[in-house]
Amino acid sequence: MRKLTTQQLHQRAPSKIIGQSIAHESAAKQVAGEALFVDDRNLPEGSLHAAVITSPIAKGRLLELKLDQLKQHPDAVAVFTADDIPGHRDIGPIFGGDPLLCEGEISFYGQVLAVVVARSHRQAWKLAAWANQELVTVEAEQNIVLTAQQRGDLSDPQSLVRPSHIMGQPISQAQLEQSELVLSGEQQVGGQEHFYLEGQVSLAVPNEDGGVLLYTSSQHPGELQKLIAEVLNIALHRVDVDMRRMGGGFGGKETQAAQWACLASMAAIHTGKAVKLRLPRSVDMTSTGKRHPFYNRYQLGVTKQGLIESAKMEVNGLCGYSPDLSDAIVDRAMFHADNAYSLNQAEVVGHRLKTDMVSHTAFRGFGGPQGIMLIEQAMQDIAVAKGLDALDVRYKNLYREGHATTHYGMPVEQHQDLKNLLQQLEENANYRSRREQIKQHNRQDQLIKKGLALCPVKFGISFTAQHLNQAGALIHIYTDGSVQLNHGGTEMGQGLHTKVQQIVAQTLGIPFDYVLVTASRTDKVPNASPTAASSGTDLNGMAAHNAAKELKQRLLDFAQEHYQVSAEQISIADGHVLIGEQSIAWAELIQQAYLGRVSLSTTGFYKTPKIWYDREQAEGRPFYYFALGAACCEVSIDTLTGEMTLDQVDILHDVGSSLNPAIDIGQIEGAFIQGLGWLTTEELVWNGDGRLLSQSPANYKIPSIGDYPKQMNITLFDQANPEHSIFRSKAVGEPPFMLAIAAWCAIYDAVSSISEHQLPAQLDAPATNERILMACQRQFAYLESKHE
Amino acid sequence: MLQLMINDQQFYISDQAADTMLLNYLREQRGLVGTKEGCASGDCGACTVVMVSADPLLGLRYQQINSCITPLHALHGKQVITVEYLKQGQQLHPVQQAIVDKHGSQCGFCTPGFVMSLYALSRQSEAPEHPEEFLAGNLCRCTGYGPLIEVARDIAQQGPTVDHIQQKEAEVKQWMDECEGLDGVNYWQPSSREELAKVRAAHPKARWVAGATDLALEVTQQYKQIEQMIDLSAVDELKQITRIDGGWRIGAALNLNEVHQFMLQHYPTTNEIFSRLGSLTIRHRATLGGSLGNASPIGDIAPLLISLNGKVEVDDGKHIELHAAEDYITGYRQTKLKENQWISAVHLPDLAPSAKHQIYKVSKRYEDDITTVVLALNIQLDDQQRVSQCVIAAGGVAAKSVRLTELEQGLVGKVFDLASLKQVQAMVPQYVKPIDDVRASAEYRVLLVQNLLKRFYLYCQQLPTRLAAHA
């Protein structure tokens, strides 16, 4: 019987798990309502619930918080302020400046002043609402700064949360003026609320060692462990963090999960009970950081043909009151101020402006989108100035032979691939013939104007902080042959666990479902980097691959000795082990190996090769490789109201050799729509006092199902990553977010078609109906002035 | 005693406060944690469940609702289906399997809500023209919606299938028939006008509630306690549509989806405003009376009624009063309603065959968004092509919905041509004084009123003016 099977097996190619569109590892549980989030967990007996009292002003001082009155309320179990913190009071991730609880100085609207603990979630938040209204006395300062314009001198160190940085060489006015044409432009680029569907939540359970076991929704369990230990003034080994899944992260749970984790842990330590802290949506939207708004400017020296000869680019991140991750975020905006184009001689300056708002933070793209917005507007502006099709301006300026080094000295090795990708999309999307149709439509229709744009994306993959580019994994094989897998990455919906499961199954030669990925835990894989920078699979997939390779080698070595065969005579595929002419089941080999006293557990480790960056010189290779892509968008705008529809989207995107096409396409589609929201309907509005008005889904509008494009075509650019990444794939989390910039450019194109592309569109982001209409009005005014 | 069926279990509940919301009850009291809280304000749909109610004509009806803002007591005599009930043993429900097959879940937090909206879609006897509308009340931040749209279209195409839930319909229906009236402590659900008046007299401090889609926010967002509620949604007289002299009387407690279906037949120009009013999930609960009672400056119902020359009927059990829609709302969230009165119906005269009626809404997002500006116009021309009658109503431009009588006067007696359009547009800044807020600037709103007048003018010239509808 067995022999027969063996023969058949020999003839069959081992099935490939990598590259298959396997469903998300949790999909069946998610649709059944069985996938558990932190708030769904059964609570230990006597668990308590915490709520936070927050600042009603953006800047000033906390004069009084009537603690006695609050403590005396029958529903209040405990109240904690900064004075109750046993250890560190600052939880700033890198530079400090983020007090866990207010120490008197108030820096933003919604800052946490104190924590109140009660027996139910509702009771706790009711107490907090009461305290907010009646027990807090503050003294407000005037002169709230919310914009770059209010900041005045943008390079004044007093205005900054971190020092300014420059890449490239200073460009003088004289140098710019050597070119045929000097163009300049500016733009406001709005921030963005993450609006993960699951809000911030932590559940801290005290342990017998004076520490806690924390269940949380975080992209960075390792950092939570460290911060909790510091806040509690204990060693890290007393704190365990368990993170099974997030209901969305998008960067909003990289540093922003820490405060709630620390507060819940502190309350748990003080009360001796498990404490859950879950933010209601409006508190979450008000009190946690968002994507940085930016104010950007450029000056370009351009040839007659529309070629950039010199560029002076300035990106200004509005960082909020503290640094958080702003240094790296503005750096990434600077790294991407070229997008896919050679700036030739370039000076790229980045300022980190302090503003009186919540400290802005990581969000998919991490400053990259804001940087790319600047150069893509410049492409549109050049096209208008030169009377060219914007796509042709883009082609001309693409990185190319002889012009293939970025302003920070990194070679763009795949520049020819990028050009090919663009050309392929141009053809697939029938760009040229649609351009003609649109011209004709716009000549005939005075009300509805159409616009078209095809834009590339080139996005650098790696953390720019070099030390973060490392990962660990842990694999156990149990005696029934089942495999448990852990790695340092976290699952937030992006399909990381599915991909790493595929990688391990493929590497070991066993079916996909033999492997189970369990919760990310700091006691299984220590010191893990955040799951961020699109690097989750690149890093953790490779670490798990290395662990699996090690285990497989042990098994092969064992089998060689046990069966007295040569290495070439053994192979493992599909859960079958072929040993010469004999085939045994995977589980059987595992049992034999166990009896033969082979270690069936190991760790794997990986660090990204090749990368380095000298920030002093602003030079190096900060990225292992670039992910590439392009989108072609067609829009219609109503010039009476500024309403917009997205009529067609064609995307061609480079994920290297796809590990899982369904998951990759899902990432591309979701990222595009999220980017579309950022650039169209998602508008953060603060009032003059620094209060965030757009603090609920009723007045902050992320895309809904009706915003899906009328036609959407997504294709993968099928080409292996030239670098030795995991199975030659490429990272996919962030890069496609920036494909949506093509939609903004198409709106620009539609607006400027009013003046027959004589006048550039003045269109800040997000291009809400209002901004589109106001941009149209300027076009109409221009037409009128020409008639006069 | 509150009688309620959750999935296939019957519950008799007497210990819950009037302002307990269904979501909290499911998660905290029944351990049904598959249903999620995303916003607790009816905006995101993570909390979506299906409400099954008995309709004398149509049998059992399946409608998705937001459990986060539905008072538990409002479900008396109804069945609630949660995500946990769909899977049988190890077998996913076809709706669930379709989402898995199309890769329609990523982080999975919104997924149970989508499952339930899709389940409601699968139970409709007639496939809707735009099945995606069933998902307009569900936000997803991960997928970009593509796979979920495909699933919705497939379900609509397949039509209703028999599942284990339907197989038990007879039992459910029998249970519903046997349910007696709600005999609550602080939550009353009278079924007739007389009873309503009696309950009102006995509990003058109780809050009126119909769909609770607005009232519930006081509980879930502001942490207020609402101790007593009188639910209007079971009163027969408030749930009927009747033909009256030259028009219609529409009960104030009909949900907006029911009103929408009626209006499609008789006032088709109102279709867009109804299909964009909240989401379908919200329209399954929200009512005409609720919208008028709240008198929000940006509610779309009031400008619509004004433009249709509608009247608001209020009642105290003895006397019925009719108010012109524009008079009924007196200020910011202020109306003429007295403490012992309730809104009982809306009266709409037939639209004259020659009338040109349009209502335009502009909002930041096309669907399920609060209005920036809504402008409703209704004009009639005499045989000289002069404007003989004119109503212009607006929302979002003042502290309440308003009738712009000065602009109307600017048009009456004139031929509606480019010159008179320009004239009336020029009057706008003088008479329309909106404010800046989170949705838009005052400047934009003024411009919108001017440009929507132009849109109406172009419409009267039979020129195409609109972007093709979304979705």
# chains A, B, ... in the order shown; residues from 1 in each chain; ligands from 1
call {"tool": "closest_atom_pairs", "arguments": {"of": "chain A", "to": "chain B", "cutoff": "6 Å", "atoms": "only C-alpha atoms", "output": "CSV"}}
result
residue,atom,partner,partner_atom,distance
A:Ala27,CA,B:Val100,CA,5.8
A:Gln30,CA,B:Gly108,CA,5.2
A:Val31,CA,B:Gln96,CA,5.4
A:Gly33,CA,B:Gly34,CA,4.0
A:Asp40,CA,B:Val33,CA,5.6
A:Lys126,CA,B:Tyr223,CA,5.5
A:Leu197,CA,B:Gly38,CA,5.5
A:Glu198,CA,B:Gly38,CA,5.9
A:Gly247,CA,B:Cys107,CA,5.0
A:Gly248,CA,B:Cys107,CA,5.5
A:Arg281,CA,B:Cys39,CA,5.2
A:Met492,CA,B:Cys107,CA,5.4
A:Gly493,CA,B:Cys107,CA,3.4
A:Leu640,CA,B:Asn451,CA,5.3
A:Gly666,CA,B:Thr143,CA,5.9
A:Glu669,CA,B:Gly144,CA,5.5
A:Gly670,CA,B:Gly144,CA,4.0
A:Ile673,CA,B:Gly144,CA,5.2
A:Thr681,CA,B:Lys364,CA,5.8
A:Val685,CA,B:Val438,CA,6.0
A:Leu693,CA,B:Val438,CA,6.0
A:Pro697,CA,B:Asp43,CA,5.9
A:Ser704,CA,B:Leu139,CA,5.8
A:Ile705,CA,B:Ala136,CA,5.8
A:Gly706,CA,B:Ala471,CA,4.5
call {"tool": "select_by_dssp", "arguments": {"residues": "stretch 76-164 of chain A", "states": "helix (DSSP H, G or I)", "output": "compact mmCIF listing (two decimals) with N, CA and C atoms, in the first residue's frame"}}
result
# COMPACT_ATOMS: atom_id res chain seq x y z
N ALA A 82 -0.98 61.62 38.15
CA ALA A 82 0.46 61.46 37.92
C ALA A 82 1.20 61.10 39.21
N ASP A 83 0.68 61.55 40.33
CA ASP A 83 1.36 61.27 41.59
C ASP A 83 1.36 59.78 41.94
N ASP A 84 0.49 59.02 41.29
CA ASP A 84 0.39 57.59 41.61
C ASP A 84 1.30 56.72 40.73
N HIS A 121 -17.83 49.47 32.66
CA HIS A 121 -17.36 50.41 31.64
C HIS A 121 -18.22 51.67 31.66
N ARG A 122 -19.54 51.46 31.69
CA ARG A 122 -20.44 52.60 31.64
C ARG A 122 -20.30 53.48 32.89
N GLN A 123 -20.21 52.83 34.03
CA GLN A 123 -20.04 53.61 35.27
C GLN A 123 -18.77 54.45 35.22
N ALA A 124 -17.70 53.83 34.77
CA ALA A 124 -16.42 54.54 34.73
C ALA A 124 -16.50 55.77 33.81
N TRP A 125 -17.08 55.58 32.64
CA TRP A 125 -17.12 56.69 31.69
C TRP A 125 -18.14 57.74 32.08
N LYS A 126 -19.16 57.32 32.78
CA LYS A 126 -20.12 58.28 33.32
C LYS A 126 -19.43 59.18 34.35
N LEU A 127 -18.63 58.55 35.20
CA LEU A 127 -17.88 59.33 36.19
C LEU A 127 -16.92 60.28 35.50
N ALA A 128 -16.25 59.78 34.46
CA ALA A 128 -15.30 60.63 33.74
C ALA A 128 -16.03 61.81 33.10
N ALA A 129 -17.21 61.55 32.54
CA ALA A 129 -17.97 62.63 31.90
C ALA A 129 -18.36 63.67 32.94
N TRP A 130 -18.76 63.20 34.09
CA TRP A 130 -19.14 64.11 35.18
C TRP A 130 -17.93 64.93 35.63
N ALA A 131 -16.81 64.24 35.83
CA ALA A 131 -15.60 64.94 36.26
C ALA A 131 -15.17 65.97 35.22
N ASN A 132 -15.24 65.58 33.94
CA ASN A 132 -14.87 66.50 32.86
C ASN A 132 -15.67 67.78 32.96
N GLN A 133 -16.95 67.62 33.25
CA GLN A 133 -17.82 68.78 33.24
C GLN A 133 -17.74 69.61 34.52
N GLU A 134 -17.59 68.93 35.64
CA GLU A 134 -17.79 69.67 36.89
C GLU A 134 -16.60 69.73 37.83
N ALA A 148 0.91 75.99 9.90
CA ALA A 148 2.26 76.48 9.59
C ALA A 148 2.25 78.00 9.49
N GLN A 149 1.16 78.55 8.96
CA GLN A 149 1.07 79.99 8.78
C GLN A 149 1.11 80.70 10.14
N GLN A 150 0.43 80.12 11.13
CA GLN A 150 0.46 80.71 12.48
C GLN A 150 1.84 80.55 13.11
N ARG A 151 2.62 79.59 12.62
CA ARG A 151 3.92 79.30 13.19
C ARG A 151 4.93 80.39 12.84
N PRO A 157 14.11 77.46 15.72
CA PRO A 157 14.16 76.28 16.59
C PRO A 157 13.07 76.28 17.68
N GLN A 158 12.63 77.46 18.06
CA GLN A 158 11.59 77.55 19.08
C GLN A 158 10.26 76.96 18.59
N SER A 159 10.13 76.89 17.26
CA SER A 159 8.87 76.43 16.67
C SER A 159 8.87 74.93 16.44
call {"tool": "atom_distance", "arguments": {"atom1": "atom CA of B:Gln29", "atom2": "atom CA of B:Gln16"}}
result
10.2 Å
call {"tool": "residues_around", "arguments": {"residues": "A:Pro206", "least_positions_apart": "3", "cutoff": "8 Å", "atoms": "only C-alpha atoms", "output": "list in words"}}
result
Gly210, Gly211, Val212, Leu213, Ser265, Ala268, Ile269, Gly272, Lys273 and Ala274 of chain A
call {"tool": "write_last_selection", "arguments": {"atoms": "C-alpha atoms", "output": "compact mmCIF listing (two decimals), in the first residue's frame"}}
result
# COMPACT_ATOMS: atom_id res chain seq x y z
CA GLY A 210 4.27 42.23 40.90
CA GLY A 211 3.83 42.66 37.19
CA VAL A 212 1.00 42.19 34.74
CA LEU A 213 -0.19 40.09 31.86
CA SER A 265 -1.46 48.24 34.13
CA ALA A 268 -4.29 46.88 37.98
CA ILE A 269 -1.19 47.04 40.15
CA GLY A 272 -4.90 44.24 42.61
CA LYS A 273 -7.65 43.50 40.10
CA ALA A 274 -7.79 43.04 36.38
call {"tool": "residues_around", "arguments": {"residues": "A:Thr680", "least_positions_apart": "4", "cutoff": "6 Å", "atoms": "only C-alpha atoms", "output": "list in words"}}
result
Pro766, Ala767 and Thr768 of chain A
call {"tool": "residues_around", "arguments": {"residues": "A:Cys745", "least_positions_apart": "5", "cutoff": "9 Å", "atoms": "only C-alpha atoms", "output": "PyMOL selection string"}}
result
chain A and resi 376-377+380+451-455+633+740+750
call {"tool": "residues_around", "arguments": {"residues": "A:Gln20", "least_positions_apart": "5", "cutoff": "7 Å", "atoms": "only C-alpha atoms", "output": "VMD selection string"}}
result
chain A and resid 659 to 661
call {"tool": "closest_residue", "arguments": {"among": "B:Gln157, B:Gln3, B:Gln341, B:Ser401", "to": "B:Arg207", "atoms": "only C-alpha atoms"}}
result
B:Gln341
call {"tool": "closest_residue", "arguments": {"among": "A:Leu343, A:Ala76, A:Ser599, A:Gly60", "to": "A:Gly104", "atoms": "only C-alpha atoms"}}
result
A:Gly60
